[in-house]
>>> print(open('coords.cif').read())   # mmCIF, C-alpha atoms
data_target
#
loop_
_atom_site.label_atom_id
_atom_site.label_comp_id
_atom_site.auth_asym_id
_atom_site.auth_seq_id
_atom_site.Cartn_x
_atom_site.Cartn_y
_atom_site.Cartn_z
CA MET A 1 0.00 0.00 0.00
CA PRO A 2 1.49 3.37 -0.99
CA THR A 3 2.49 5.72 1.81
CA ARG A 4 0.85 9.14 1.68
CA LYS A 5 3.30 12.01 1.71
CA PHE A 6 2.48 15.59 2.68
CA THR A 7 3.61 18.28 0.37
CA SER A 8 5.32 21.38 1.79
CA ASP A 9 2.12 23.36 1.21
CA GLN A 10 0.12 20.81 3.18
CA LYS A 11 2.66 20.93 6.02
CA VAL A 12 2.37 24.72 6.12
CA SER A 13 -1.42 24.47 6.21
CA VAL A 14 -1.33 22.03 9.13
CA SER A 15 1.12 24.22 11.02
CA THR A 16 -1.01 27.30 10.39
CA PHE A 17 -4.11 25.47 11.57
CA LEU A 18 -2.39 24.42 14.78
CA LEU A 19 -1.12 27.93 15.44
CA ILE A 20 -4.58 29.43 14.91
CA THR A 21 -6.13 26.78 17.18
CA CYS A 22 -3.60 27.49 19.94
CA PHE A 23 -4.19 31.22 19.60
CA ILE A 24 -7.96 30.83 19.89
CA LEU A 25 -7.59 28.61 22.96
CA ALA A 26 -5.24 31.12 24.56
CA VAL A 27 -7.71 33.95 23.94
CA LEU A 28 -10.60 31.93 25.37
CA LEU A 29 -8.62 30.99 28.47
CA ALA A 30 -7.52 34.58 29.01
CA SER A 31 -11.10 35.83 28.61
CA THR A 32 -12.33 33.26 31.11
CA GLY A 33 -9.66 34.37 33.57
CA GLU A 34 -10.58 38.03 33.13
CA LEU A 35 -14.28 37.29 33.65
CA LYS A 36 -13.49 35.29 36.78
CA ALA A 37 -11.31 38.12 38.09
CA GLU A 38 -14.08 40.64 37.45
CA ASP A 39 -16.65 38.43 39.17
CA ASP A 40 -14.31 38.22 42.17
CA ILE A 41 -14.22 42.00 42.69
CA ILE A 42 -16.28 43.25 45.64
CA GLU A 43 -18.53 46.21 44.91
CA PHE A 44 -19.40 48.19 48.04
CA ALA A 45 -22.45 50.44 47.93
CA CYS A 46 -21.18 52.48 50.87
CA GLU A 47 -17.88 54.38 50.73
CA GLU A 48 -17.61 54.38 54.52
CA LEU A 49 -17.83 50.59 54.69
CA GLU A 50 -15.26 50.23 51.91
CA ALA A 51 -12.91 52.62 53.72
CA GLU A 52 -13.16 50.59 56.93
CA VAL A 53 -12.45 47.36 55.06
CA ARG A 54 -9.48 48.89 53.22
CA GLU A 55 -7.95 49.91 56.52
CA ILE A 56 -8.38 46.41 57.92
CA ILE A 57 -6.85 44.60 54.93
CA ASP A 58 -4.28 47.37 54.28
CA ILE A 59 -5.19 47.98 50.63
CA GLU A 60 -5.35 51.71 49.99
CA GLU A 61 -6.49 51.63 46.37
CA GLY A 62 -7.40 49.32 43.53
CA PRO A 63 -10.05 46.60 43.51
CA ILE A 64 -10.85 44.56 46.60
CA ARG A 65 -11.41 40.89 45.86
CA ALA A 66 -13.01 38.09 47.83
CA GLU A 67 -9.53 36.62 48.28
CA ASP A 68 -8.52 39.75 50.21
CA VAL A 69 -11.22 39.30 52.86
CA LYS A 70 -11.36 35.50 53.12
CA ASP A 71 -9.49 35.45 56.46
CA ILE A 72 -11.69 38.03 58.19
CA GLU A 73 -13.73 36.32 60.90
CA SER A 74 -14.62 39.36 63.01
CA LEU A 75 -15.48 42.81 61.66
CA ASP A 76 -15.98 46.02 63.65
CA VAL A 77 -17.45 48.92 61.65
CA SER A 78 -19.20 50.65 64.54
CA ASN A 79 -19.53 54.44 64.59
CA SER A 80 -18.54 54.67 60.91
CA PHE A 81 -21.60 56.32 59.26
CA VAL A 82 -22.25 53.11 57.32
CA GLU A 83 -25.54 53.25 55.41
CA SER A 84 -25.37 49.99 53.43
CA LEU A 85 -23.95 46.54 54.09
CA ALA A 86 -23.89 45.62 50.38
CA GLY A 87 -20.61 43.88 49.65
CA ILE A 88 -20.40 42.22 53.05
CA GLU A 89 -21.88 39.05 51.52
CA HIS A 90 -18.41 38.20 50.16
CA PHE A 91 -16.95 37.83 53.68
CA LYS A 92 -17.70 34.11 53.72
CA ASN A 93 -15.75 33.31 56.90
CA LEU A 94 -17.25 36.12 58.96
CA SER A 95 -18.60 34.90 62.28
CA GLU A 96 -19.07 38.19 64.16
CA ILE A 97 -19.96 41.71 63.04
CA ASN A 98 -20.24 44.85 65.14
CA ALA A 99 -22.07 47.54 63.16
CA ARG A 100 -23.57 49.54 66.04
CA PHE A 101 -24.17 53.28 65.81
CA ASN A 102 -24.57 53.51 62.03
CA ARG A 103 -27.35 54.32 59.53
CA ILE A 104 -28.11 50.83 58.23
CA GLU A 105 -31.62 50.08 57.00
CA ASP A 106 -31.25 46.83 55.05
CA ILE A 107 -29.71 43.76 56.70
CA SER A 108 -30.38 41.30 53.85
CA PRO A 109 -26.68 41.11 52.78
CA LEU A 110 -26.02 39.26 56.05
CA THR A 111 -28.22 36.33 55.01
CA GLU A 112 -25.48 34.92 52.75
CA LEU A 113 -22.99 34.61 55.61
CA TYR A 114 -23.58 31.09 56.86
CA ARG A 115 -20.86 31.17 59.52
CA LEU A 116 -22.26 34.28 61.17
CA THR A 117 -23.12 33.72 64.83
CA LYS A 118 -23.08 37.16 66.49
CA ILE A 119 -24.54 40.38 65.09
CA ASN A 120 -24.55 43.78 66.80
CA LEU A 121 -26.80 46.31 65.06
CA PHE A 122 -27.55 48.48 68.06
CA SER A 123 -28.73 51.99 67.11
CA ASN A 124 -29.33 51.91 63.36
CA GLN A 125 -32.39 52.59 61.19
CA ILE A 126 -33.69 49.05 60.67
CA SER A 127 -37.43 48.49 60.41
CA ASP A 128 -37.65 45.20 58.49
CA ILE A 129 -36.21 42.19 60.33
CA SER A 130 -37.60 39.54 57.95
CA PRO A 131 -34.03 38.71 56.73
CA VAL A 132 -33.35 37.37 60.24
CA SER A 133 -35.48 34.34 59.37
CA GLU A 134 -32.89 33.34 56.73
CA MET A 135 -29.93 33.49 59.10
CA THR A 136 -28.95 30.03 60.25
CA GLY A 137 -26.69 29.25 63.17
CA ILE A 138 -27.19 32.64 64.85
CA GLU A 139 -26.37 32.76 68.55
CA GLU A 140 -26.99 36.45 69.25
CA ILE A 141 -28.61 39.37 67.44
CA ASP A 142 -28.54 42.74 69.17
CA ILE A 143 -30.95 44.95 67.26
CA ARG A 144 -31.85 47.40 70.02
CA ARG A 145 -32.74 51.01 69.35
CA ASN A 146 -33.89 50.74 65.74
CA ASP A 147 -37.20 51.44 63.99
CA ILE A 148 -38.82 48.02 64.39
CA GLU A 149 -42.58 48.03 64.86
CA THR A 150 -43.41 44.34 64.30
CA ILE A 151 -41.83 40.89 64.26
CA ALA A 152 -44.79 39.32 62.45
CA THR A 153 -42.53 38.49 59.49
CA LEU A 154 -40.73 35.95 61.70
CA GLU A 155 -43.88 33.96 62.45
CA GLY A 156 -43.49 30.30 61.65
CA GLU A 157 -39.77 30.62 60.89
CA ASP A 158 -37.18 28.46 62.60
CA PHE A 159 -34.08 30.59 62.21
CA HIS A 160 -32.28 30.15 65.49
CA ALA A 161 -30.14 27.73 67.41
CA GLU A 162 -31.12 26.52 70.86
CA GLY A 163 -30.40 29.26 73.39
CA ALA A 164 -29.97 32.05 70.85
CA LEU A 165 -30.67 35.65 71.87
CA LEU A 166 -32.77 38.19 69.98
CA ASP A 167 -32.60 41.58 71.69
CA LEU A 168 -35.41 43.87 70.49
CA ARG A 169 -35.46 46.45 73.27
CA TYR A 170 -35.88 50.17 72.62
CA ASN A 171 -37.76 49.88 69.33
CA ASP A 172 -41.31 50.90 68.40
CA ILE A 173 -43.04 47.59 69.12
CA ASP A 174 -46.38 47.52 70.89
CA ILE A 175 -45.51 44.88 73.46
CA THR A 176 -49.07 44.84 74.79
CA ASP A 177 -50.34 43.57 71.43
CA PHE A 178 -51.67 40.01 71.72
CA ASP A 179 -50.19 38.86 68.38
CA PHE A 180 -46.74 40.05 69.39
CA LEU A 181 -46.92 38.41 72.82
CA TYR A 182 -48.14 35.16 71.24
CA LEU A 183 -45.29 35.09 68.70
CA ALA A 184 -42.65 36.05 71.27
CA GLY A 185 -43.99 33.33 73.56
CA ASN A 186 -43.75 30.73 70.80
CA MET A 187 -40.16 31.72 70.11
CA GLU A 188 -39.26 31.36 73.76
CA ASP A 189 -40.98 27.97 73.91
CA GLU A 190 -38.69 26.87 71.06
CA GLY A 191 -35.61 27.88 73.03
CA LEU A 192 -35.01 31.41 71.75
CA GLU A 193 -34.45 34.14 74.33
CA VAL A 194 -36.34 37.28 73.30
CA LYS A 195 -35.70 40.59 75.08
CA PHE A 196 -38.29 43.24 74.28
CA ASP A 197 -39.04 45.29 77.38
CA PRO A 198 -38.79 48.27 77.55
CA GLN A 199 -39.64 49.93 74.25
CA ASN A 200 -39.36 53.56 73.21
#
>>> encode(input="coords.cif", output="structure tokens")
Amino acid sequence: MPTRKFTSDQKVSVSTFLLITCFILAVLLASTGELKAEDDIIEFACEELEAEVREIIDIEEGPIRAEDVKDIESLDVSNSFVESLAGIEHFKNLSEINARFNRIEDISPLTELYRLTKINLFSNQISDISPVSEMTGIEEIDIRRNDIETIATLEGEDFHAEGALLDLRYNDIDITDFDFLYLAGNMEDEGLEVKFDPQN
């Protein structure tokens, strides 16, 4: 059987094809890396929160990535004029946060932090505590002196560990309301300590 021989033109064509293929693969891999790097960048909605984080991780400028905050287990941003916690959801190893004396209204970014056990939100502007129902493994939530009027959004939710503390004092809750007393009683029967007296 005759052996097939490649002409010089055919060899050039094969070499060109291989070079083009390698180039395309390199471009695709580079693009994937760039997209991953962009996805990894933390976008903070609040300049004050970003400034506090930069000081902690000692990065004065440039993007902050999830890799930069992966070792942070405890975060203190109290008295920092923080208005939004957006961006905090990337702190996957965070177990404690102290954000007292700020201007925070929305606590939903905390629901993605599954290692979080202690939260101090004393003296903020929180009115909706429904995100609390999505927080698993919580041991203590201090949410005193906010704008909370009801905890009805927590009814029927099992969001706490045995012996956890939910401190609701100094809010705007009507603690003489039967529905509130019934719900608070149910929570305590399930092992959650609820502090609610006095109110504003």
>>> resolve_selection(input="coords.cif", expression="the PyMOL selection byres ((chain A and resi 104) around 9)", output="PDB file with C-alpha atoms, keeping the file's coordinate frame")
ATOM      1  CA  PHE A  81     -21.600  56.320  59.260  1.00  0.00           C
ATOM      2  CA  VAL A  82     -22.250  53.110  57.320  1.00  0.00           C
ATOM      3  CA  GLU A  83     -25.540  53.250  55.410  1.00  0.00           C
ATOM      4  CA  SER A  84     -25.370  49.990  53.430  1.00  0.00           C
ATOM      5  CA  LEU A  85     -23.950  46.540  54.090  1.00  0.00           C
ATOM      6  CA  ALA A  99     -22.070  47.540  63.160  1.00  0.00           C
ATOM      7  CA  PHE A 101     -24.170  53.280  65.810  1.00  0.00           C
ATOM      8  CA  ASN A 102     -24.570  53.510  62.030  1.00  0.00           C
ATOM      9  CA  ARG A 103     -27.350  54.320  59.530  1.00  0.00           C
ATOM     10  CA  GLU A 105     -31.620  50.080  57.000  1.00  0.00           C
ATOM     11  CA  ASP A 106     -31.250  46.830  55.050  1.00  0.00           C
ATOM     12  CA  ILE A 107     -29.710  43.760  56.700  1.00  0.00           C
ATOM     13  CA  LEU A 121     -26.800  46.310  65.060  1.00  0.00           C
ATOM     14  CA  SER A 123     -28.730  51.990  67.110  1.00  0.00           C
ATOM     15  CA  ASN A 124     -29.330  51.910  63.360  1.00  0.00           C
ATOM     16  CA  GLN A 125     -32.390  52.590  61.190  1.00  0.00           C
ATOM     17  CA  ILE A 126     -33.690  49.050  60.670  1.00  0.00           C
TER      18      ILE A 126
END
>>> atom_distance(input="coords.cif", atom1="atom CA of Glu43 of chain A", atom2="atom CA of Ala86 of chain A")
7.7 Å
>>> closest_residue(input="coords.cif", among="A:Pro109, A:Glu134, A:Ile57, A:Ala152", to="Phe178 of chain A", atoms="all atoms listed in the file")
A:Ala152
>>> closest_residue(input="coords.cif", among="A:Arg54, A:Lys92, A:Lys70, A:Arg169", to="Phe122 of chain A", atoms="all atoms listed in the file")
A:Arg169
>>> atom_distance(input="coords.cif", atom1="atom CA of Asp128 of chain A", atom2="atom CA of Asn186 of chain A")
20.0 Å
>>> resolve_selection(input="coords.cif", expression="the PyMOL selection byres ((chain A and resi 95) around 9)", output="number ranges by chain")
A: 72-75, 92-94, 96-97, 113-119
>>> write_last_selection(input="coords.cif", atoms="C-alpha atoms", output="PDB file, in the coordinates of the input")
ATOM      1  CA  ILE A  72     -11.690  38.030  58.190  1.00  0.00           C
ATOM      2  CA  GLU A  73     -13.730  36.320  60.900  1.00  0.00           C
ATOM      3  CA  SER A  74     -14.620  39.360  63.010  1.00  0.00           C
ATOM      4  CA  LEU A  75     -15.480  42.810  61.660  1.00  0.00           C
ATOM      5  CA  LYS A  92     -17.700  34.110  53.720  1.00  0.00           C
ATOM      6  CA  ASN A  93     -15.750  33.310  56.900  1.00  0.00           C
ATOM      7  CA  LEU A  94     -17.250  36.120  58.960  1.00  0.00           C
ATOM      8  CA  GLU A  96     -19.070  38.190  64.160  1.00  0.00           C
ATOM      9  CA  ILE A  97     -19.960  41.710  63.040  1.00  0.00           C
ATOM     10  CA  LEU A 113     -22.990  34.610  55.610  1.00  0.00           C
ATOM     11  CA  TYR A 114     -23.580  31.090  56.860  1.00  0.00           C
ATOM     12  CA  ARG A 115     -20.860  31.170  59.520  1.00  0.00           C
ATOM     13  CA  LEU A 116     -22.260  34.280  61.170  1.00  0.00           C
ATOM     14  CA  THR A 117     -23.120  33.720  64.830  1.00  0.00           C
ATOM     15  CA  LYS A 118     -23.080  37.160  66.490  1.00  0.00           C
ATOM     16  CA  ILE A 119     -24.540  40.380  65.090  1.00  0.00           C
TER      17      ILE A 119
END
>>> closest_residue(input="coords.cif", among="A:Val132, A:Ile148, A:Leu154, A:Leu183", to="Tyr170 of chain A", atoms="only C-alpha atoms")
A:Ile148
>>> resolve_selection(input="coords.cif", expression="the PyMOL selection byres ((chain A and resi 168) around 7)", output="list in words")
Ile143, Arg144, Leu166, Asp167, Arg169, Tyr170, Asn171, Lys195 and Phe196 of chain A
>>> atom_distance(input="coords.cif", atom1="atom CA of Cys46 of chain A", atom2="atom CA of Ser133 of chain A")
24.6 Å
>>> closest_residue(input="coords.cif", among="A:Ile141, A:Met135, A:Ile151, A:Ala184", to="Ala164 of chain A", atoms="all atoms listed in the file")
A:Ile141
